[in-house]
Structures are given as C-alpha cells and as structure tokens.
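Shown below: final.cif, with mmCIF, C-alpha atoms.
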data_target
#
loop_
_atom_site.group_PDB
_atom_site.id
_atom_site.type_symbol
_atom_site.label_atom_id
_atom_site.label_comp_id
_atom_site.auth_asym_id
_atom_site.auth_seq_id
_atom_site.Cartn_x
_atom_site.Cartn_y
_atom_site.Cartn_z
ATOM 1 C CA MET A 1 -92.404 -164.524 29.012
ATOM 2 C CA THR A 2 -94.136 -163.379 25.789
ATOM 3 C CA GLY A 3 -93.946 -166.949 24.481
ATOM 4 C CA ASN A 4 -95.936 -168.171 27.490
ATOM 5 C CA ILE A 5 -98.599 -165.486 27.017
ATOM 6 C CA ARG A 6 -98.890 -166.295 23.307
ATOM 7 C CA GLY A 7 -99.188 -169.972 24.179
ATOM 8 C CA LEU A 8 -101.945 -169.272 26.720
ATOM 9 C CA LYS A 9 -103.854 -167.145 24.204
ATOM 10 C CA THR A 10 -103.677 -169.956 21.666
ATOM 11 C CA PHE A 11 -104.779 -172.508 24.268
ATOM 12 C CA PHE A 12 -107.803 -170.441 25.347
ATOM 13 C CA ALA A 13 -108.767 -169.696 21.748
ATOM 14 C CA ALA A 14 -108.705 -173.438 20.982
ATOM 15 C CA LEU A 15 -110.656 -174.238 24.157
ATOM 16 C CA THR A 16 -113.320 -171.668 23.284
ATOM 17 C CA LEU A 17 -113.684 -173.083 19.775
ATOM 18 C CA PHE A 18 -113.971 -176.603 21.217
ATOM 19 C CA CYS A 19 -116.711 -175.540 23.625
ATOM 20 C CA LEU A 20 -118.716 -173.765 20.937
ATOM 21 C CA MET A 21 -118.513 -176.568 18.389
ATOM 22 C CA VAL A 22 -118.322 -179.848 20.289
ATOM 23 C CA LEU A 23 -120.089 -179.489 23.619
ATOM 24 C CA PRO A 24 -123.593 -178.941 22.152
ATOM 25 C CA CYS A 25 -123.325 -182.431 20.633
ATOM 26 C CA PHE A 26 -122.844 -183.978 24.072
ATOM 27 C CA THR A 27 -125.496 -181.982 25.889
ATOM 28 C CA GLY A 28 -128.241 -182.691 23.348
ATOM 29 C CA GLN A 29 -128.831 -178.980 22.868
ATOM 30 C CA ALA A 30 -129.330 -177.428 19.486
ATOM 31 C CA SER A 31 -126.718 -175.076 18.141
ATOM 32 C CA ALA A 32 -129.397 -173.200 16.151
ATOM 33 C CA GLU A 33 -132.364 -171.439 17.685
ATOM 34 C CA ILE A 34 -135.319 -173.771 18.161
ATOM 35 C CA ARG A 35 -138.431 -172.273 16.621
ATOM 36 C CA LEU A 36 -142.093 -173.167 16.829
ATOM 37 C CA LEU A 37 -144.590 -171.408 14.593
ATOM 38 C CA ALA A 38 -148.343 -171.944 14.434
ATOM 39 C CA SER A 39 -149.989 -171.399 11.071
ATOM 40 C CA LYS A 40 -152.053 -168.697 12.811
ATOM 41 C CA PRO A 41 -152.337 -167.301 16.359
ATOM 42 C CA ALA A 42 -156.024 -168.166 16.919
ATOM 43 C CA TYR A 43 -158.228 -171.109 15.938
ATOM 44 C CA GLY A 44 -161.910 -171.971 16.140
ATOM 45 C CA PRO A 45 -163.090 -174.722 18.515
ATOM 46 C CA GLY A 46 -162.380 -178.123 16.998
ATOM 47 C CA GLU A 47 -160.193 -176.661 14.239
ATOM 48 C CA ASP A 48 -156.920 -178.514 13.565
ATOM 49 C CA ILE A 49 -153.800 -176.693 14.790
ATOM 50 C CA GLN A 50 -150.813 -176.767 12.439
ATOM 51 C CA VAL A 51 -147.359 -176.150 13.894
ATOM 52 C CA ASP A 52 -144.012 -175.862 12.097
ATOM 53 C CA TYR A 53 -140.823 -176.615 14.039
ATOM 54 C CA SER A 54 -137.174 -176.010 13.177
ATOM 55 C CA GLY A 55 -133.713 -175.823 14.717
ATOM 56 C CA LEU A 56 -134.024 -179.041 16.728
ATOM 57 C CA PRO A 57 -130.827 -181.016 17.352
ATOM 58 C CA GLY A 58 -132.195 -184.136 15.658
ATOM 59 C CA ASN A 59 -132.497 -186.547 18.576
ATOM 60 C CA ALA A 60 -134.897 -189.421 17.898
ATOM 61 C CA GLN A 61 -136.838 -188.570 21.041
ATOM 62 C CA ASP A 62 -137.164 -184.795 20.782
ATOM 63 C CA TRP A 63 -140.878 -184.190 21.283
ATOM 64 C CA ILE A 64 -143.561 -181.546 21.030
ATOM 65 C CA THR A 65 -146.821 -181.300 22.950
ATOM 66 C CA LEU A 66 -149.940 -179.135 23.073
ATOM 67 C CA VAL A 67 -151.227 -178.312 26.568
ATOM 68 C CA PRO A 68 -153.418 -175.749 28.347
ATOM 69 C CA ILE A 69 -151.288 -172.712 29.189
ATOM 70 C CA THR A 70 -151.794 -173.338 32.918
ATOM 71 C CA ALA A 71 -150.327 -176.861 32.734
ATOM 72 C CA THR A 72 -147.106 -177.534 34.629
ATOM 73 C CA GLU A 73 -143.995 -178.245 32.574
ATOM 74 C CA ASP A 74 -144.199 -181.975 33.362
ATOM 75 C CA THR A 75 -147.707 -182.182 31.873
ATOM 76 C CA TYR A 76 -148.268 -183.336 28.323
ATOM 77 C CA GLY A 77 -151.371 -183.457 26.176
ATOM 78 C CA ASP A 78 -151.460 -184.438 22.512
ATOM 79 C CA TRP A 79 -147.777 -185.034 21.683
ATOM 80 C CA PHE A 80 -145.416 -186.571 19.154
ATOM 81 C CA TYR A 81 -141.761 -187.548 18.796
ATOM 82 C CA THR A 82 -140.010 -185.755 15.944
ATOM 83 C CA GLY A 83 -138.196 -188.991 15.043
ATOM 84 C CA GLY A 84 -134.831 -187.278 14.605
ATOM 85 C CA LYS A 85 -136.144 -184.594 12.250
ATOM 86 C CA GLN A 86 -134.653 -181.162 12.814
ATOM 87 C CA SER A 87 -137.621 -179.470 11.186
ATOM 88 C CA GLY A 88 -141.089 -180.336 10.026
ATOM 89 C CA THR A 89 -144.816 -179.759 10.389
ATOM 90 C CA TYR A 90 -147.333 -181.434 12.664
ATOM 91 C CA THR A 91 -151.094 -181.039 12.917
ATOM 92 C CA PHE A 92 -152.711 -181.346 16.328
ATOM 93 C CA GLY A 93 -156.408 -182.171 16.586
ATOM 94 C CA GLY A 94 -158.882 -179.439 17.415
ATOM 95 C CA GLN A 95 -159.286 -178.226 20.988
ATOM 96 C CA ALA A 96 -161.979 -176.685 23.186
ATOM 97 C CA PRO A 97 -161.908 -172.900 23.663
ATOM 98 C CA GLY A 98 -158.998 -171.718 25.797
ATOM 99 C CA THR A 99 -155.377 -170.630 25.739
ATOM 100 C CA TYR A 100 -152.760 -173.271 24.972
ATOM 101 C CA GLU A 101 -149.009 -173.684 24.678
ATOM 102 C CA VAL A 102 -147.109 -175.723 22.162
ATOM 103 C CA ARG A 103 -143.945 -176.877 23.963
ATOM 104 C CA CYS A 104 -140.796 -178.487 22.632
ATOM 105 C CA TYR A 105 -138.687 -180.835 24.776
ATOM 106 C CA LEU A 106 -135.343 -182.382 23.823
ATOM 107 C CA ASN A 107 -133.957 -185.902 23.999
ATOM 108 C CA TRP A 108 -136.423 -187.745 26.250
ATOM 109 C CA PRO A 109 -135.833 -189.031 28.886
ATOM 110 C CA SER A 110 -132.395 -187.509 29.525
ATOM 111 C CA GLY A 111 -133.623 -184.016 28.613
ATOM 112 C CA GLY A 112 -136.357 -184.239 31.248
ATOM 113 C CA TYR A 113 -139.179 -181.732 31.297
ATOM 114 C CA ASN A 114 -137.035 -178.717 30.392
ATOM 115 C CA VAL A 115 -138.957 -176.685 27.844
ATOM 116 C CA ALA A 116 -136.626 -175.772 24.974
ATOM 117 C CA ALA A 117 -139.174 -173.588 23.147
ATOM 118 C CA ARG A 118 -142.818 -172.600 23.502
ATOM 119 C CA ILE A 119 -145.512 -170.593 21.763
ATOM 120 C CA THR A 120 -149.011 -169.571 22.832
ATOM 121 C CA ILE A 121 -152.136 -170.117 20.764
ATOM 122 C CA THR A 122 -155.782 -169.313 21.422
ATOM 123 C CA VAL A 123 -158.863 -171.365 20.638
ATOM 124 C CA GLY A 124 -162.151 -169.496 20.808
ATOM 125 C CA GLY A 125 -165.122 -168.163 18.944
ATOM 126 C CA ALA A 126 -167.360 -170.172 16.662
ATOM 127 C CA ALA A 127 -166.430 -173.551 15.230
ATOM 128 C CA PRO A 128 -165.019 -173.422 11.678
ATOM 129 C CA ALA A 129 -167.562 -173.761 8.882
#

Now, as a test, write the supplied structure out as structure tokens.
Amino acid sequence: MTGNIRGLKTFFAALTLFCLMVLPCFTGQASAEIRLLASKPAYGPGEDIQVDYSGLPGNAQDWITLVPITATEDTYGDWFYTGGKQSGTYTFGGQAPGTYEVRCYLNWPSGGYNVAARITITVGGAAPA
C-alpha cells in the first residue's frame, strides 16, 4: 500500500511541475509578470508618452494600445505590435487632456481582447514648452 501512495505522490509532483513549466507555452501566457511603466504619471497636452514594457511571452502579435480610460476592452487607439519582443520601449504621440490607459494584449487574434496588463496616465495642464 505504501508503494502505491509513494507512486501517486511522485505522479502528482511530476504533473504539477509539467503544468507550471509547459502549459504557459501552449496558452500564450507569460510566466513572468507583465509590466507596463510610463516614464511619468502625467503629461502635458500634445506631449509624447513613453512606455516601457516587460515580461511579455514573446508572441509576434502581442500588442499594446493607448485609449481613453472609458474605452471598452475591445477598443484600440494608437497601438503597436511588439514583434516578438519580451521587453522594450515605445513612444505614443501626444494626446488631448484626459485620463488614458495603456493596455497590453497577448497573441492576437487568439488572445482576443483580454487585457493582460494596464496602467493609467493623465494628460492635462499646459502644453510642454
């Protein structure tokens, strides 16, 4: 009987390891935390918006967009494909005053409009000098 229990423990340990290491490759999900970081939390109207991204799984069609915060998740504004890069920097063009979200989506089109990461930025005040 103890041999069967030991065998089951080994089986479940191997299954757990398999799930943690292999399944993320098939689902297109990142094993690391996906991070978005704006160079600053607030920008002037028309000022370029620089965003760093990291922890992406590296799919050719992972993409990032900048939209008004009230936009539905299937809405996109200025956007770009990461081209398989797991990390990098992108500069969005300046925006009108308002509150915006930078959203990251994975593996279009199979990943759909499921937001993998998001950050909020604000555009307001006077235009940059």

Once the PyMOL selection byres ((chain A and resi 78) around 6) has been evaluated on this model, what residues remain selected, and can you format them as a PDB file with C-alpha atoms, in the frame of the given file?
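Ended up saving to selection-v1.pdb:
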ATOM      1  CA  THR A  65    -146.821-181.300  22.950  1.00  0.00           C
ATOM      2  CA  LEU A  66    -149.940-179.135  23.073  1.00  0.00           C
ATOM      3  CA  GLY A  77    -151.371-183.457  26.176  1.00  0.00           C
ATOM      4  CA  TRP A  79    -147.777-185.034  21.683  1.00  0.00           C
TER       5      TRP A  79
END

* Coordinates-based distance that separates atom CA of Ile119 of chain A from atom CA of Thr70 of chain A (Å, one decimal) ->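 Separation of atom CA of Thr70 of chain A and atom CA of Ile119 of chain A: 13.1 Å.
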
* To do: Name the closest residue to Pro68 of chain A among the candidates A:Leu106, A:Ile49, A:Ala96, A:Ile34; distances are taken between atoms, counting all atoms listed in the file.
  =>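 Using all atoms listed in the file, Pro68 of chain A sits closest to A:Ala96.
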
Might I get the box with edges along x, y and z of the file that holds all atoms of segment 104-121 of chain A listed there, padded by 8 Å on every side, given as centre and edge lengths in Å to one decimal, as AutoDock Vina command-line options?
--center_x -142.3 --center_y -179.3 --center_z 26.0 --size_x 35.7 --size_y 35.5 --size_z 26.5

* Asked: Once the PyMOL selection byres ((chain A and resi 80) around 6) has been applied to the shown file, what residues remain in the selection, as a VMD selection string?
  -> chain A and resid 63 to 64 79 81

* If I put a ball of radius 6 Å at (-137.3, -189.3, 20.5) in the file's coordinates, which residues poke into it when counting only C-alpha atoms, written as number ranges by chain? -> A: 59-62, 81, 83, 107

* Asked: Can you list, as number ranges by chain, every protein, DNA or RNA residue that comes within 8 Å of Thr89 of chain A when you count all atoms listed in the file, leaving out same-chain residues fewer than 3 positions away?
  -> A: 50-53

* Decode the PyMOL selection byres ((chain A and resi 57) around 6) for the given file into explicit residues and return them as a ChimeraX atom specification. => /A:30,56,58-59,86

* **Closest of A:Asn114, A:Thr72, A:Gln95, A:Ser54 to Glu33 of chain A - atom-to-atom distances counting only C-alpha atoms** => A:Ser54

* Asked: Taking (-138.1, -176.7, 30.5) in the file's coordinates, which residues come within 9 Å, counting all atoms listed in the file, written as an MDAnalysis selection string?
  -> chainID A and resid 73:74 103:105 111:117

* What is the distance, in Å and to one decimal place, between atom CA of Trp108 of chain A and atom CA of Gly93 of chain A? ->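 Computing the Euclidean distance for atom CA of Trp108 of chain A and atom CA of Gly93 of chain A yields 22.9 Å.
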
* Pick out the residues sitting within 8 Å of Tyr43 of chain A, and hand them over as number ranges by chain; count all atoms listed in the file, and ignore anything fewer than 6 positions along from it in its own chain. => A: 49, 121-124

* Between atom CA of Gly84 of chain A and atom CA of Gly46 of chain A, what is the distance, to one decimal in Å? ->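 Atom-to-atom, atom CA of Gly84 of chain A to atom CA of Gly46 of chain A, that is 29.1 Å.
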
* Pick the closest to Tyr90 of chain A from A:Val102, A:Thr120, A:Val67, A:Gly44: which is it, counting all atoms listed in the file? ->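 Checking each of A:Val102, A:Thr120, A:Val67, A:Gly44 against Tyr90 of chain A, counting all atoms listed in the file, the winner is A:Val102.
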
Would you mind completing segment 94-127 of chain A to N, CA and C atoms and writing the output as an mmCIF file, keeping the file's coordinate frame?
data_model
loop_
_atom_site.group_PDB
_atom_site.id
_atom_site.type_symbol
_atom_site.label_atom_id
_atom_site.label_comp_id
_atom_site.auth_asym_id
_atom_site.auth_seq_id
_atom_site.Cartn_x
_atom_site.Cartn_y
_atom_site.Cartn_z
ATOM 1 N N GLY A 94 -158.222 -180.613 16.874
ATOM 2 C CA GLY A 94 -158.882 -179.439 17.415
ATOM 3 C C GLY A 94 -159.059 -179.501 18.922
ATOM 4 N N GLN A 95 -159.167 -178.350 19.540
ATOM 5 C CA GLN A 95 -159.286 -178.226 20.988
ATOM 6 C C GLN A 95 -160.513 -177.406 21.363
ATOM 7 N N ALA A 96 -160.903 -177.510 22.637
ATOM 8 C CA ALA A 96 -161.979 -176.685 23.186
ATOM 9 C C ALA A 96 -161.459 -175.254 23.346
ATOM 10 N N PRO A 97 -162.366 -174.280 23.466
ATOM 11 C CA PRO A 97 -161.908 -172.900 23.663
ATOM 12 C C PRO A 97 -160.981 -172.779 24.873
ATOM 13 N N GLY A 98 -159.959 -171.942 24.722
ATOM 14 C CA GLY A 98 -158.998 -171.718 25.797
ATOM 15 C C GLY A 98 -157.681 -171.226 25.237
ATOM 16 N N THR A 99 -156.720 -171.041 26.126
ATOM 17 C CA THR A 99 -155.377 -170.630 25.739
ATOM 18 C C THR A 99 -154.451 -171.811 25.959
ATOM 19 N N TYR A 100 -153.619 -172.087 24.972
ATOM 20 C CA TYR A 100 -152.760 -173.271 24.972
ATOM 21 C C TYR A 100 -151.312 -172.886 24.701
ATOM 22 N N GLU A 101 -150.420 -173.804 25.053
ATOM 23 C CA GLU A 101 -149.009 -173.684 24.678
ATOM 24 C C GLU A 101 -148.604 -174.905 23.880
ATOM 25 N N VAL A 102 -147.815 -174.659 22.855
ATOM 26 C CA VAL A 102 -147.109 -175.723 22.162
ATOM 27 C C VAL A 102 -145.700 -175.681 22.749
ATOM 28 N N ARG A 103 -145.244 -176.813 23.292
ATOM 29 C CA ARG A 103 -143.945 -176.877 23.963
ATOM 30 C C ARG A 103 -143.055 -177.919 23.305
ATOM 31 N N CYS A 104 -141.787 -177.582 23.204
ATOM 32 C CA CYS A 104 -140.796 -178.487 22.632
ATOM 33 C C CYS A 104 -139.843 -178.932 23.742
ATOM 34 N N TYR A 105 -139.615 -180.231 23.817
ATOM 35 C CA TYR A 105 -138.687 -180.835 24.776
ATOM 36 C C TYR A 105 -137.642 -181.628 23.992
ATOM 37 N N LEU A 106 -136.430 -181.712 24.532
ATOM 38 C CA LEU A 106 -135.343 -182.382 23.823
ATOM 39 C C LEU A 106 -134.927 -183.688 24.485
ATOM 40 N N ASN A 107 -134.673 -184.690 23.640
ATOM 41 C CA ASN A 107 -133.957 -185.902 23.999
ATOM 42 C C ASN A 107 -134.514 -186.629 25.220
ATOM 43 N N TRP A 108 -135.797 -186.998 25.157
ATOM 44 C CA TRP A 108 -136.423 -187.745 26.250
ATOM 45 C C TRP A 108 -135.761 -189.107 26.391
ATOM 46 N N PRO A 109 -135.506 -189.625 27.594
ATOM 47 C CA PRO A 109 -135.833 -189.031 28.886
ATOM 48 C C PRO A 109 -134.701 -188.185 29.488
ATOM 49 N N SER A 110 -133.517 -188.221 28.891
ATOM 50 C CA SER A 110 -132.395 -187.509 29.525
ATOM 51 C C SER A 110 -132.596 -186.003 29.555
ATOM 52 N N GLY A 111 -133.364 -185.454 28.625
ATOM 53 C CA GLY A 111 -133.623 -184.016 28.613
ATOM 54 C C GLY A 111 -134.652 -183.582 29.641
ATOM 55 N N GLY A 112 -135.367 -184.552 30.223
ATOM 56 C CA GLY A 112 -136.357 -184.239 31.248
ATOM 57 C C GLY A 112 -137.470 -183.353 30.719
ATOM 58 N N TYR A 113 -138.078 -182.633 31.636
ATOM 59 C CA TYR A 113 -139.179 -181.732 31.297
ATOM 60 C C TYR A 113 -138.699 -180.283 31.225
ATOM 61 N N ASN A 114 -137.555 -180.071 30.587
ATOM 62 C CA ASN A 114 -137.035 -178.717 30.392
ATOM 63 C C ASN A 114 -137.522 -178.213 29.040
ATOM 64 N N VAL A 115 -138.363 -177.211 29.078
ATOM 65 C CA VAL A 115 -138.957 -176.685 27.844
ATOM 66 C C VAL A 115 -137.888 -175.939 27.052
ATOM 67 N N ALA A 116 -137.640 -176.394 25.824
ATOM 68 C CA ALA A 116 -136.626 -175.772 24.974
ATOM 69 C C ALA A 116 -137.199 -174.608 24.169
ATOM 70 N N ALA A 117 -138.496 -174.660 23.883
ATOM 71 C CA ALA A 117 -139.174 -173.588 23.147
ATOM 72 C C ALA A 117 -140.663 -173.710 23.406
ATOM 73 N N ARG A 118 -141.366 -172.585 23.301
ATOM 74 C CA ARG A 118 -142.818 -172.600 23.502
ATOM 75 C C ARG A 118 -143.454 -171.442 22.755
ATOM 76 N N ILE A 119 -144.706 -171.666 22.341
ATOM 77 C CA ILE A 119 -145.512 -170.593 21.763
ATOM 78 C C ILE A 119 -146.927 -170.711 22.340
ATOM 79 N N THR A 120 -147.641 -169.605 22.325
ATOM 80 C CA THR A 120 -149.011 -169.571 22.832
ATOM 81 C C THR A 120 -149.978 -169.460 21.663
ATOM 82 N N ILE A 121 -151.058 -170.221 21.750
ATOM 83 C CA ILE A 121 -152.136 -170.117 20.764
ATOM 84 C C ILE A 121 -153.458 -170.004 21.512
ATOM 85 N N THR A 122 -154.460 -169.489 20.834
ATOM 86 C CA THR A 122 -155.782 -169.313 21.422
ATOM 87 C C THR A 122 -156.803 -170.072 20.592
ATOM 88 N N VAL A 123 -157.725 -170.723 21.287
ATOM 89 C CA VAL A 123 -158.863 -171.365 20.638
ATOM 90 C C VAL A 123 -160.106 -170.693 21.202
ATOM 91 N N GLY A 124 -160.937 -170.169 20.330
ATOM 92 C CA GLY A 124 -162.151 -169.496 20.808
ATOM 93 C C GLY A 124 -163.048 -169.140 19.660
ATOM 94 N N GLY A 125 -164.192 -168.570 19.983
ATOM 95 C CA GLY A 125 -165.122 -168.163 18.944
ATOM 96 C C GLY A 125 -165.936 -169.332 18.429
ATOM 97 N N ALA A 126 -166.504 -169.160 17.258
ATOM 98 C CA ALA A 126 -167.360 -170.172 16.662
ATOM 99 C C ALA A 126 -166.540 -171.257 15.989
ATOM 100 N N ALA A 127 -167.094 -172.433 15.920
ATOM 101 C CA ALA A 127 -166.430 -173.551 15.230
ATOM 102 C C ALA A 127 -166.288 -173.213 13.760
#
